[in-house]
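Participant: So here's query.txt (compact mmCIF, C-alpha atoms).
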```
# COMPACT_ATOMS: atom_id res chain seq x y z
CA MET A 24 -104.07 -43.60 -218.15
CA PHE A 25 -107.12 -41.73 -216.87
CA SER A 26 -105.35 -40.76 -213.64
CA LEU A 27 -102.35 -39.50 -215.65
CA ALA A 28 -104.68 -37.44 -217.84
CA LEU A 29 -106.19 -35.90 -214.69
CA GLN A 30 -102.71 -35.11 -213.36
CA THR A 31 -101.81 -33.43 -216.65
CA LEU A 32 -105.07 -31.46 -216.60
CA SER A 33 -104.40 -30.32 -213.04
CA VAL A 34 -101.13 -28.77 -214.28
CA THR A 35 -102.38 -27.27 -217.56
CA ALA A 36 -105.87 -26.08 -216.51
CA PRO A 37 -104.52 -23.31 -214.21
CA VAL A 38 -102.30 -22.18 -217.10
CA PHE A 39 -105.37 -21.75 -219.30
CA ALA A 40 -107.22 -20.02 -216.47
CA MET A 41 -104.48 -17.41 -216.12
CA LEU A 42 -104.32 -16.89 -219.89
CA PHE A 43 -108.06 -16.27 -220.09
CA LEU A 44 -107.89 -14.05 -217.00
CA GLY A 45 -105.26 -11.89 -218.70
CA ALA A 46 -107.44 -11.56 -221.80
CA LEU A 47 -110.46 -10.68 -219.64
CA LEU A 48 -108.57 -8.10 -217.58
CA ARG A 49 -107.29 -6.42 -220.75
CA ARG A 50 -110.82 -6.32 -222.20
CA LEU A 51 -112.17 -4.83 -218.95
CA GLY A 52 -109.43 -2.20 -218.99
CA TRP A 53 -107.95 -3.30 -215.66
CA ILE A 54 -104.55 -3.88 -217.28
CA ASP A 55 -103.02 -2.12 -220.28
CA ALA A 56 -99.90 -2.19 -222.45
CA ALA A 57 -97.90 -0.27 -219.84
CA PHE A 58 -98.76 -2.84 -217.16
CA ILE A 59 -97.85 -5.72 -219.49
CA ASN A 60 -94.47 -4.15 -220.28
CA THR A 61 -93.68 -3.49 -216.61
CA ALA A 62 -94.86 -6.89 -215.39
CA SER A 63 -92.97 -8.74 -218.15
CA ASN A 64 -89.83 -6.86 -217.17
CA LEU A 65 -90.33 -7.77 -213.50
CA VAL A 66 -90.72 -11.46 -214.38
CA PHE A 67 -87.67 -11.49 -216.65
CA LYS A 68 -85.33 -9.59 -214.32
CA GLY A 69 -86.68 -10.54 -210.89
CA THR A 70 -89.20 -13.24 -210.13
CA MET A 71 -88.10 -15.89 -212.64
CA PRO A 72 -84.37 -15.78 -211.73
CA VAL A 73 -85.32 -16.14 -208.05
CA MET A 74 -87.63 -19.07 -208.85
CA LEU A 75 -84.86 -20.86 -210.78
CA PHE A 76 -82.36 -20.22 -207.99
CA LEU A 77 -84.66 -21.81 -205.42
CA VAL A 78 -85.53 -24.85 -207.59
CA ILE A 79 -81.89 -25.72 -208.22
CA GLN A 80 -80.65 -24.79 -204.75
CA GLU A 81 -83.09 -27.28 -203.22
CA ALA A 82 -82.38 -30.14 -205.69
CA ASP A 83 -80.84 -33.40 -204.44
CA LEU A 84 -77.78 -33.51 -206.69
CA SER A 85 -76.49 -36.79 -205.26
CA THR A 86 -79.62 -38.58 -206.54
CA ALA A 87 -80.24 -36.59 -209.67
CA LEU A 88 -76.81 -36.38 -211.29
CA GLN A 89 -77.26 -38.93 -214.09
CA PRO A 90 -74.52 -38.20 -216.64
CA ARG A 91 -76.08 -40.29 -219.45
CA VAL A 92 -79.47 -38.63 -219.09
CA LEU A 93 -78.03 -35.12 -218.79
CA GLY A 94 -75.61 -35.67 -221.65
CA TYR A 95 -78.28 -37.04 -223.97
CA PHE A 96 -80.67 -34.22 -223.08
CA ALA A 97 -78.00 -31.63 -223.92
CA PHE A 98 -77.25 -33.35 -227.24
CA ALA A 99 -80.95 -33.69 -228.14
CA THR A 100 -81.62 -30.04 -227.27
CA LEU A 101 -78.83 -28.87 -229.56
CA ALA A 102 -80.01 -31.23 -232.31
CA THR A 103 -83.67 -30.15 -232.14
CA PHE A 104 -82.62 -26.49 -232.02
CA THR A 105 -80.53 -27.02 -235.16
CA LEU A 106 -83.40 -28.79 -236.95
CA ALA A 107 -85.87 -26.03 -236.04
CA TRP A 108 -83.41 -23.36 -237.19
CA GLY A 109 -82.75 -25.15 -240.48
CA TRP A 110 -86.48 -25.41 -241.17
CA ALA A 111 -86.96 -21.74 -240.29
CA ILE A 112 -84.24 -20.70 -242.76
CA LEU A 113 -86.10 -22.57 -245.52
CA ARG A 114 -89.72 -21.72 -244.66
CA VAL A 115 -90.00 -18.74 -242.27
CA PRO A 116 -89.64 -15.00 -243.05
CA ARG A 117 -86.37 -13.65 -241.67
CA ASP A 118 -87.91 -11.23 -239.16
CA GLU A 119 -89.92 -14.07 -237.55
CA ARG A 120 -87.22 -16.74 -237.42
CA GLY A 121 -85.93 -15.97 -233.93
CA VAL A 122 -89.38 -16.21 -232.32
CA TYR A 123 -90.31 -19.25 -234.44
CA VAL A 124 -87.19 -21.23 -233.50
CA GLN A 125 -87.49 -20.34 -229.82
CA GLY A 126 -91.15 -21.42 -229.81
CA ALA A 127 -90.33 -24.67 -231.61
CA PHE A 128 -87.62 -25.95 -229.26
CA ARG A 129 -88.03 -24.23 -225.87
CA GLY A 130 -90.27 -26.19 -223.50
CA ASN A 131 -91.93 -25.18 -220.23
CA ASN A 132 -89.79 -27.65 -218.28
CA GLY A 133 -89.39 -25.59 -215.13
CA ILE A 134 -93.16 -25.49 -214.48
CA VAL A 135 -95.10 -28.10 -216.48
CA GLY A 136 -92.23 -30.57 -216.93
CA LEU A 137 -91.12 -30.53 -213.31
CA ALA A 138 -94.69 -30.85 -212.01
CA LEU A 139 -95.46 -33.83 -214.26
CA ALA A 140 -92.12 -35.53 -213.54
CA GLY A 141 -92.84 -35.26 -209.81
CA SER A 142 -96.44 -36.46 -210.08
CA VAL A 143 -95.51 -39.50 -212.21
CA TYR A 144 -92.13 -40.50 -210.73
CA GLY A 145 -92.23 -39.06 -207.20
CA ALA A 146 -89.09 -37.89 -205.42
CA TYR A 147 -86.81 -39.25 -208.15
CA GLY A 148 -88.77 -37.34 -210.77
CA LEU A 149 -88.50 -34.13 -208.77
CA SER A 150 -84.76 -34.49 -208.17
CA LEU A 151 -83.80 -35.46 -211.72
CA GLY A 152 -86.33 -32.98 -213.08
CA ALA A 153 -84.84 -30.14 -211.04
CA VAL A 154 -81.29 -30.85 -212.23
CA LEU A 155 -82.56 -31.18 -215.80
CA ALA A 156 -84.34 -27.85 -215.29
CA GLY A 157 -81.01 -26.25 -214.43
CA LEU A 158 -79.44 -27.65 -217.61
CA VAL A 159 -82.57 -26.60 -219.50
CA ILE A 160 -82.24 -23.00 -218.37
CA LEU A 161 -78.60 -22.74 -219.38
CA LEU A 162 -79.22 -24.32 -222.79
CA PHE A 163 -82.60 -22.76 -223.57
CA ASN A 164 -81.63 -19.26 -222.54
CA GLY A 165 -78.22 -19.38 -224.17
CA LEU A 166 -79.65 -20.63 -227.47
CA SER A 167 -82.65 -18.27 -227.26
CA VAL A 168 -80.47 -15.22 -226.64
CA MET A 169 -78.34 -16.25 -229.61
CA ILE A 170 -81.20 -16.85 -232.08
CA LEU A 171 -83.09 -13.71 -231.04
CA ALA A 172 -79.92 -11.62 -231.34
CA ILE A 173 -79.13 -12.99 -234.79
CA TYR A 174 -82.56 -12.00 -236.11
CA SER A 175 -83.06 -8.88 -234.02
CA ARG A 176 -84.04 -5.72 -235.89
CA ASP A 177 -82.33 -3.50 -233.32
CA THR A 178 -78.94 -5.07 -232.61
CA LYS A 179 -76.10 -6.42 -234.72
CA ALA A 180 -75.49 -10.14 -234.23
CA SER A 181 -71.75 -10.19 -233.55
CA VAL A 182 -70.20 -12.98 -231.48
CA SER A 183 -69.36 -10.51 -228.72
CA ASN A 184 -72.94 -9.19 -228.58
CA VAL A 185 -74.36 -12.72 -228.38
CA LEU A 186 -71.93 -13.75 -225.63
CA LEU A 187 -72.57 -10.52 -223.74
CA GLY A 188 -76.31 -11.09 -224.00
CA ILE A 189 -75.94 -14.61 -222.61
CA ALA A 190 -73.71 -13.44 -219.75
CA ARG A 191 -76.14 -10.65 -218.82
CA ASN A 192 -79.29 -12.78 -219.07
CA PRO A 193 -80.96 -12.67 -215.62
CA LEU A 194 -82.23 -16.26 -215.94
CA ILE A 195 -78.76 -17.62 -216.61
CA ILE A 196 -77.34 -15.53 -213.75
CA GLY A 197 -79.97 -17.02 -211.42
CA VAL A 198 -78.95 -20.56 -212.39
CA MET A 199 -75.21 -19.95 -212.15
CA VAL A 200 -75.48 -18.31 -208.72
CA SER A 201 -77.53 -21.26 -207.44
CA LEU A 202 -75.07 -23.99 -208.47
CA PRO A 203 -72.55 -23.50 -205.61
CA PHE A 204 -75.42 -23.46 -203.10
CA ALA A 205 -76.76 -26.74 -204.49
CA TYR A 206 -73.34 -28.43 -204.80
CA TRP A 207 -72.18 -27.59 -201.26
CA GLU A 208 -75.74 -27.90 -199.84
CA VAL A 209 -75.67 -24.39 -198.38
CA ALA A 210 -78.87 -23.76 -196.42
CA LEU A 211 -80.34 -20.27 -196.51
CA PRO A 212 -82.01 -18.70 -193.46
CA GLN A 213 -85.67 -19.72 -193.31
CA TRP A 214 -86.95 -16.16 -193.46
CA LEU A 215 -84.92 -15.54 -196.63
CA THR A 216 -86.14 -18.75 -198.29
CA THR A 217 -89.76 -17.95 -197.43
CA SER A 218 -89.43 -14.40 -198.73
CA GLY A 219 -87.86 -15.70 -201.93
CA GLU A 220 -90.68 -18.21 -202.39
CA TYR A 221 -93.29 -15.45 -201.99
CA PHE A 222 -91.53 -13.43 -204.68
CA ALA A 223 -90.95 -16.42 -206.99
CA ARG A 224 -94.62 -17.42 -206.90
CA LEU A 225 -95.45 -14.26 -208.82
CA THR A 226 -93.63 -15.65 -211.87
CA LEU A 227 -96.15 -17.87 -213.63
CA PRO A 228 -99.35 -15.89 -212.86
CA LEU A 229 -97.77 -12.60 -213.99
CA ALA A 230 -96.23 -14.08 -217.13
CA LEU A 231 -99.45 -15.82 -218.16
CA ILE A 232 -101.64 -12.79 -217.45
CA CYS A 233 -99.31 -10.74 -219.66
CA ILE A 234 -99.55 -13.34 -222.43
CA GLY A 235 -103.35 -13.38 -222.15
CA GLY A 236 -103.43 -9.59 -222.21
CA THR A 237 -101.35 -9.56 -225.39
CA LEU A 238 -103.52 -12.04 -227.28
CA SER A 239 -106.33 -11.00 -229.59
CA LEU A 240 -108.31 -12.83 -232.26
CA ALA A 241 -106.72 -10.62 -234.89
CA SER A 242 -103.18 -11.42 -233.71
CA LEU A 243 -103.99 -15.14 -233.54
CA ARG A 244 -105.32 -15.10 -237.09
CA ALA A 245 -102.31 -13.14 -238.33
CA SER A 246 -99.86 -15.53 -236.65
CA SER A 247 -101.82 -18.75 -237.14
CA GLY A 248 -99.78 -20.31 -239.95
CA LEU A 249 -96.37 -19.83 -238.34
CA ALA A 250 -97.72 -20.52 -234.85
CA ILE A 251 -99.28 -23.85 -235.90
CA SER A 252 -96.10 -24.87 -237.74
CA ALA A 253 -93.92 -24.09 -234.70
CA SER A 254 -96.42 -25.84 -232.41
CA LEU A 255 -96.42 -29.05 -234.47
CA MET A 256 -92.65 -29.04 -234.39
CA LYS A 257 -92.62 -28.47 -230.61
CA MET A 258 -95.31 -31.00 -229.69
CA VAL A 259 -95.02 -33.74 -232.36
CA TRP A 260 -91.98 -33.96 -234.62
CA LEU A 261 -89.11 -32.96 -232.33
CA PRO A 262 -90.32 -34.91 -229.22
CA ALA A 263 -90.85 -38.02 -231.37
CA LEU A 264 -87.33 -37.84 -232.78
CA ALA A 265 -85.66 -37.01 -229.47
CA THR A 266 -87.50 -39.71 -227.49
CA PHE A 267 -86.84 -42.35 -230.16
CA GLY A 268 -83.18 -41.40 -230.06
CA ALA A 269 -83.12 -41.78 -226.26
CA TRP A 270 -84.58 -45.28 -226.60
CA LEU A 271 -82.01 -46.19 -229.26
CA VAL A 272 -79.10 -45.27 -226.97
CA GLY A 273 -80.48 -47.54 -224.23
CA LEU A 274 -82.29 -45.17 -221.87
CA GLU A 275 -85.38 -46.74 -220.31
CA GLY A 276 -87.75 -46.71 -217.34
CA PRO A 277 -88.15 -43.46 -215.38
CA ASP A 278 -85.18 -41.85 -217.17
CA LEU A 279 -86.82 -42.33 -220.57
CA GLY A 280 -90.21 -41.24 -219.20
CA ILE A 281 -88.83 -38.03 -217.70
CA LEU A 282 -86.97 -37.23 -220.92
CA PHE A 283 -90.19 -37.72 -222.91
CA ILE A 284 -92.07 -35.39 -220.55
CA TYR A 285 -89.39 -32.73 -220.94
CA PHE A 286 -89.15 -33.06 -224.73
CA ALA A 287 -92.96 -32.88 -225.13
CA CYS A 288 -93.65 -29.91 -222.84
CA PRO A 289 -95.55 -26.95 -224.28
CA THR A 290 -93.58 -23.84 -225.18
CA ALA A 291 -92.28 -21.93 -222.17
CA ALA A 292 -93.96 -18.74 -221.00
CA ALA A 293 -90.45 -17.27 -220.72
CA SER A 294 -90.24 -17.25 -224.53
CA PHE A 295 -92.86 -14.50 -224.58
CA VAL A 296 -91.00 -12.51 -221.93
CA MET A 297 -87.70 -12.78 -223.83
CA ALA A 298 -89.29 -11.94 -227.19
CA LYS A 299 -90.85 -8.85 -225.67
CA ALA A 300 -87.59 -7.86 -223.99
CA VAL A 301 -85.73 -7.74 -227.33
CA GLY A 302 -88.55 -6.16 -229.34
CA ALA A 303 -89.36 -9.30 -231.37
CA ASN A 304 -92.86 -10.45 -232.38
CA ASP A 305 -94.30 -11.15 -228.93
CA GLN A 306 -97.79 -11.82 -230.39
CA LEU A 307 -96.40 -14.75 -232.39
CA ALA A 308 -94.63 -15.98 -229.24
CA ALA A 309 -97.90 -15.74 -227.28
CA ALA A 310 -99.83 -17.62 -229.97
CA ILE A 311 -97.32 -20.50 -229.95
CA ILE A 312 -97.56 -20.75 -226.13
CA VAL A 313 -101.37 -20.90 -226.23
CA ILE A 314 -101.53 -23.50 -229.03
CA THR A 315 -98.92 -25.82 -227.52
CA THR A 316 -100.42 -25.58 -224.04
```
Since I need it in another form, could you write the structure as structure tokens?
Facilitator:
Amino acid sequence: MFSLALQTLSVTAPVFAMLFLGALLRRLGWIDAAFINTASNLVFKGTMPVMLFLVIQEADLSTALQPRVLGYFAFATLATFTLAWGWAILRVPRDERGVYVQGAFRGNNGIVGLALAGSVYGAYGLSLGAVLAGLVILLFNGLSVMILAIYSRDTKASVSNVLLGIARNPLIIGVMVSLPFAYWEVALPQWLTTSGEYFARLTLPLALICIGGTLSLASLRASSGLAISASLMKMVWLPALATFGAWLVGLEGPDLGILFIYFACPTAAASFVMAKAVGANDQLAAAIIVITT
């Protein structure tokens, strides 16, 4: 248990460090709102799609394609999304519902989840985790685009607008482009892979520095009630229900452990980037990320 706690800390401590660094840099005046907007845009349109492409392209699909696990994860994701949305309709102001629901169901599986799955379950954890990450990106981004569009102040939430937003989402494009490479095991030239890895490594530091630069004590206080509610849903209620359901349908061993890790991950940094991209309450999104992490 102690060694697992240390492994978890080794993943989450750098996240905190980057968050605090972003807050410090903003206070020192080394970064400003213009930098945060530009960097968030670069992460959303460039570095994160490349990172997702590389993760899925390198996954061992022959080992990791577990239909029962993937099918249950898809079902549980849709179920927890629906529960979070239903709660938001009853308890959350309309303008904040999109950010609230995204924060309550969207986990940081591509970074925290994949790292923990690999450290606990080795090569199997990495392979299954990578394929799950691909499914995660399709589901999380599709549902996030939909919920943010429905409650957007700037755009009308028609079916065509939602579908167009999903089709144009750079993260979904990155995943879809990677699937043929992973399925047919197409190897990229080494120089191209290395260059892509350099670019992709900018993703998490830039996103977290932007989140830290957005946070302030005033914004945390203003968002605290909704942020705590969404965080409890993300870290306690929904993971408990989803993991119990996985056990009921007969999943066990590493499969059940990896599912639990993915269900109980803190809210994804990408939720801040997407909230900012559509003009939603990015300060609430940042507060949820900090609390859940």
Participant: As a VMD selection string, please: the residues near range 149-162 of chain A (cut-off 8 Å, all atoms listed in the file, same-chain neighbours under 3 positions excluded).
Facilitator: chain A and resid 75 78 to 79 82 to 84 86 to 89 93 97 100 132 to 133 136 to 138 140 to 141 144 to 146 165 to 166 194 to 195 198 281
Participant: Using C-alpha atoms, can you export the residues from the last selection as a short mmCIF file (atom, residue, chain, number, x, y, z; two decimals), in the coordinates of the input?
Facilitator:
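Saved as selection_38.cif:
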```cif
data_model
loop_
_atom_site.label_atom_id
_atom_site.label_comp_id
_atom_site.auth_asym_id
_atom_site.auth_seq_id
_atom_site.Cartn_x
_atom_site.Cartn_y
_atom_site.Cartn_z
CA LEU A 75 -84.86 -20.86 -210.78
CA VAL A 78 -85.53 -24.85 -207.59
CA ILE A 79 -81.89 -25.72 -208.22
CA ALA A 82 -82.38 -30.14 -205.69
CA ASP A 83 -80.84 -33.40 -204.44
CA LEU A 84 -77.78 -33.51 -206.69
CA THR A 86 -79.62 -38.58 -206.54
CA ALA A 87 -80.24 -36.59 -209.67
CA LEU A 88 -76.81 -36.38 -211.29
CA GLN A 89 -77.26 -38.93 -214.09
CA LEU A 93 -78.03 -35.12 -218.79
CA ALA A 97 -78.00 -31.63 -223.92
CA THR A 100 -81.62 -30.04 -227.27
CA ASN A 132 -89.79 -27.65 -218.28
CA GLY A 133 -89.39 -25.59 -215.13
CA GLY A 136 -92.23 -30.57 -216.93
CA LEU A 137 -91.12 -30.53 -213.31
CA ALA A 138 -94.69 -30.85 -212.01
CA ALA A 140 -92.12 -35.53 -213.54
CA GLY A 141 -92.84 -35.26 -209.81
CA TYR A 144 -92.13 -40.50 -210.73
CA GLY A 145 -92.23 -39.06 -207.20
CA ALA A 146 -89.09 -37.89 -205.42
CA GLY A 165 -78.22 -19.38 -224.17
CA LEU A 166 -79.65 -20.63 -227.47
CA LEU A 194 -82.23 -16.26 -215.94
CA ILE A 195 -78.76 -17.62 -216.61
CA VAL A 198 -78.95 -20.56 -212.39
CA ILE A 281 -88.83 -38.03 -217.70
#
```
Participant: At a cut-off of 8 Å, can you tabulate as a Markdown table every residue of range 60-133 of chain A near range 282-295 of chain A together with its closest atom pair and the distance in Å to one decimal, using all atoms listed in the file and ordering rows by chain then number?
Facilitator:
```
| residue | atom | partner | partner_atom | distance |
| --- | --- | --- | --- | --- |
| A:Phe67 | CA | A:Ala293 | CA | 7.6 |
| A:Val92 | CA | A:Leu282 | CA | 7.8 |
| A:Phe96 | CA | A:Leu282 | CA | 7.3 |
| A:Val122 | CA | A:Ser294 | CA | 7.9 |
| A:Gln125 | CA | A:Ser294 | CA | 6.7 |
| A:Gly126 | CA | A:Thr290 | CA | 5.8 |
| A:Ala127 | CA | A:Thr290 | CA | 7.3 |
| A:Phe128 | CA | A:Thr290 | CA | 7.5 |
| A:Arg129 | CA | A:Thr290 | CA | 5.6 |
| A:Gly130 | CA | A:Thr290 | CA | 4.4 |
| A:Asn131 | CA | A:Ala291 | CA | 3.8 |
| A:Asn132 | CA | A:Tyr285 | CA | 5.7 |
```
Participant: Using C-alpha atoms, can you export the residues from the last selection as a PDB file, in the frame of the given file?
Facilitator:
```pdb
ATOM      1  CA  PHE A  67     -87.670 -11.490-216.650  1.00  0.00           C
ATOM      2  CA  VAL A  92     -79.470 -38.630-219.090  1.00  0.00           C
ATOM      3  CA  PHE A  96     -80.670 -34.220-223.080  1.00  0.00           C
ATOM      4  CA  VAL A 122     -89.380 -16.210-232.320  1.00  0.00           C
ATOM      5  CA  GLN A 125     -87.490 -20.340-229.820  1.00  0.00           C
ATOM      6  CA  GLY A 126     -91.150 -21.420-229.810  1.00  0.00           C
ATOM      7  CA  ALA A 127     -90.330 -24.670-231.610  1.00  0.00           C
ATOM      8  CA  PHE A 128     -87.620 -25.950-229.260  1.00  0.00           C
ATOM      9  CA  ARG A 129     -88.030 -24.230-225.870  1.00  0.00           C
ATOM     10  CA  GLY A 130     -90.270 -26.190-223.500  1.00  0.00           C
ATOM     11  CA  ASN A 131     -91.930 -25.180-220.230  1.00  0.00           C
ATOM     12  CA  ASN A 132     -89.790 -27.650-218.280  1.00  0.00           C
TER      13      ASN A 132
END
```
Participant: How far is it from CA of Val66 in chain A to CA of Ile189 in chain A, in Å with one decimal?
Facilitator: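 Between CA of Val66 in chain A and CA of Ile189 in chain A the gap works out to 17.2 Å.
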Participant: Can you measure CA of Trp110 in chain A to CA of Leu255 in chain A for me? One decimal in Å is fine.
Facilitator: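 One can read the CA of Trp110 in chain A to CA of Leu255 in chain A distance as 12.5 Å.
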Participant: Go ahead and compute the interatomic distance for CA of Asn192 in chain A and CA of Ser167 in chain A, in Å to one decimal.
Facilitator: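 So the answer is 10.4 Å.
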Participant: So, counting all atoms listed in the file, which residue among A:Phe204, A:Tyr174, A:Gly273, A:Ile54 is closest to Ile112 in chain A?
Facilitator: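 Residue with the minimum atom-to-atom distance to Ile112 in chain A: A:Tyr174.
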Participant: Mind filling out range 228-243 of chain A with N, CA, C and O atoms and sending it as a PDB file, keeping the file's coordinate frame?
Facilitator:
```
ATOM      1  N   PRO A 228     -98.126 -16.687-212.671  1.00  0.00           N
ATOM      2  CA  PRO A 228     -99.350 -15.890-212.860  1.00  0.00           C
ATOM      3  C   PRO A 228     -99.105 -14.603-213.640  1.00  0.00           C
ATOM      4  O   PRO A 228     -99.861 -14.272-214.557  1.00  0.00           O
ATOM      5  N   LEU A 229     -98.045 -13.866-213.293  1.00  0.00           N
ATOM      6  CA  LEU A 229     -97.770 -12.600-213.990  1.00  0.00           C
ATOM      7  C   LEU A 229     -97.458 -12.836-215.463  1.00  0.00           C
ATOM      8  O   LEU A 229     -97.973 -12.137-216.344  1.00  0.00           O
ATOM      9  N   ALA A 230     -96.608 -13.822-215.743  1.00  0.00           N
ATOM     10  CA  ALA A 230     -96.230 -14.080-217.130  1.00  0.00           C
ATOM     11  C   ALA A 230     -97.444 -14.480-217.956  1.00  0.00           C
ATOM     12  O   ALA A 230     -97.639 -13.995-219.081  1.00  0.00           O
ATOM     13  N   LEU A 231     -98.294 -15.345-217.402  1.00  0.00           N
ATOM     14  CA  LEU A 231     -99.450 -15.820-218.160  1.00  0.00           C
ATOM     15  C   LEU A 231    -100.507 -14.735-218.326  1.00  0.00           C
ATOM     16  O   LEU A 231    -101.159 -14.650-219.378  1.00  0.00           O
ATOM     17  N   ILE A 232    -100.701 -13.910-217.309  1.00  0.00           N
ATOM     18  CA  ILE A 232    -101.640 -12.790-217.450  1.00  0.00           C
ATOM     19  C   ILE A 232    -101.155 -11.836-218.544  1.00  0.00           C
ATOM     20  O   ILE A 232    -101.951 -11.330-219.344  1.00  0.00           O
ATOM     21  N   CYS A 233     -99.851 -11.604-218.610  1.00  0.00           N
ATOM     22  CA  CYS A 233     -99.310 -10.740-219.660  1.00  0.00           C
ATOM     23  C   CYS A 233     -99.522 -11.355-221.045  1.00  0.00           C
ATOM     24  O   CYS A 233     -99.862 -10.648-222.000  1.00  0.00           O
ATOM     25  N   ILE A 234     -99.323 -12.662-221.145  1.00  0.00           N
ATOM     26  CA  ILE A 234     -99.550 -13.340-222.430  1.00  0.00           C
ATOM     27  C   ILE A 234    -101.023 -13.223-222.823  1.00  0.00           C
ATOM     28  O   ILE A 234    -101.354 -12.886-223.961  1.00  0.00           O
ATOM     29  N   GLY A 235    -101.925 -13.502-221.874  1.00  0.00           N
ATOM     30  CA  GLY A 235    -103.350 -13.380-222.150  1.00  0.00           C
ATOM     31  C   GLY A 235    -103.743 -11.970-222.541  1.00  0.00           C
ATOM     32  O   GLY A 235    -104.573 -11.761-223.432  1.00  0.00           O
ATOM     33  N   GLY A 236    -103.127 -10.981-221.886  1.00  0.00           N
ATOM     34  CA  GLY A 236    -103.430  -9.590-222.210  1.00  0.00           C
ATOM     35  C   GLY A 236    -102.906  -9.162-223.559  1.00  0.00           C
ATOM     36  O   GLY A 236    -103.403  -8.192-224.143  1.00  0.00           O
ATOM     37  N   THR A 237    -101.914  -9.877-224.079  1.00  0.00           N
ATOM     38  CA  THR A 237    -101.350  -9.560-225.390  1.00  0.00           C
ATOM     39  C   THR A 237    -102.174 -10.168-226.519  1.00  0.00           C
ATOM     40  O   THR A 237    -102.230  -9.633-227.620  1.00  0.00           O
ATOM     41  N   LEU A 238    -102.812 -11.311-226.234  1.00  0.00           N
ATOM     42  CA  LEU A 238    -103.520 -12.040-227.280  1.00  0.00           C
ATOM     43  C   LEU A 238    -104.769 -11.310-227.746  1.00  0.00           C
ATOM     44  O   LEU A 238    -105.456 -10.650-226.967  1.00  0.00           O
ATOM     45  N   SER A 239    -105.069 -11.460-229.013  1.00  0.00           N
ATOM     46  CA  SER A 239    -106.330 -11.000-229.590  1.00  0.00           C
ATOM     47  C   SER A 239    -106.651 -11.926-230.744  1.00  0.00           C
ATOM     48  O   SER A 239    -105.766 -12.615-231.282  1.00  0.00           O
ATOM     49  N   LEU A 240    -107.926 -11.986-231.132  1.00  0.00           N
ATOM     50  CA  LEU A 240    -108.310 -12.830-232.260  1.00  0.00           C
ATOM     51  C   LEU A 240    -107.580 -12.410-233.534  1.00  0.00           C
ATOM     52  O   LEU A 240    -107.165 -13.244-234.340  1.00  0.00           O
ATOM     53  N   ALA A 241    -107.406 -11.112-233.697  1.00  0.00           N
ATOM     54  CA  ALA A 241    -106.720 -10.620-234.890  1.00  0.00           C
ATOM     55  C   ALA A 241    -105.264 -11.084-234.919  1.00  0.00           C
ATOM     56  O   ALA A 241    -104.756 -11.527-235.958  1.00  0.00           O
ATOM     57  N   SER A 242    -104.583 -10.995-233.751  1.00  0.00           N
ATOM     58  CA  SER A 242    -103.180 -11.420-233.710  1.00  0.00           C
ATOM     59  C   SER A 242    -103.052 -12.922-233.896  1.00  0.00           C
ATOM     60  O   SER A 242    -102.109 -13.404-234.524  1.00  0.00           O
ATOM     61  N   LEU A 243    -104.018 -13.695-233.347  1.00  0.00           N
ATOM     62  CA  LEU A 243    -103.990 -15.140-233.540  1.00  0.00           C
ATOM     63  C   LEU A 243    -104.175 -15.503-235.008  1.00  0.00           C
ATOM     64  O   LEU A 243    -103.501 -16.387-235.533  1.00  0.00           O
TER      65      LEU A 243
END
```
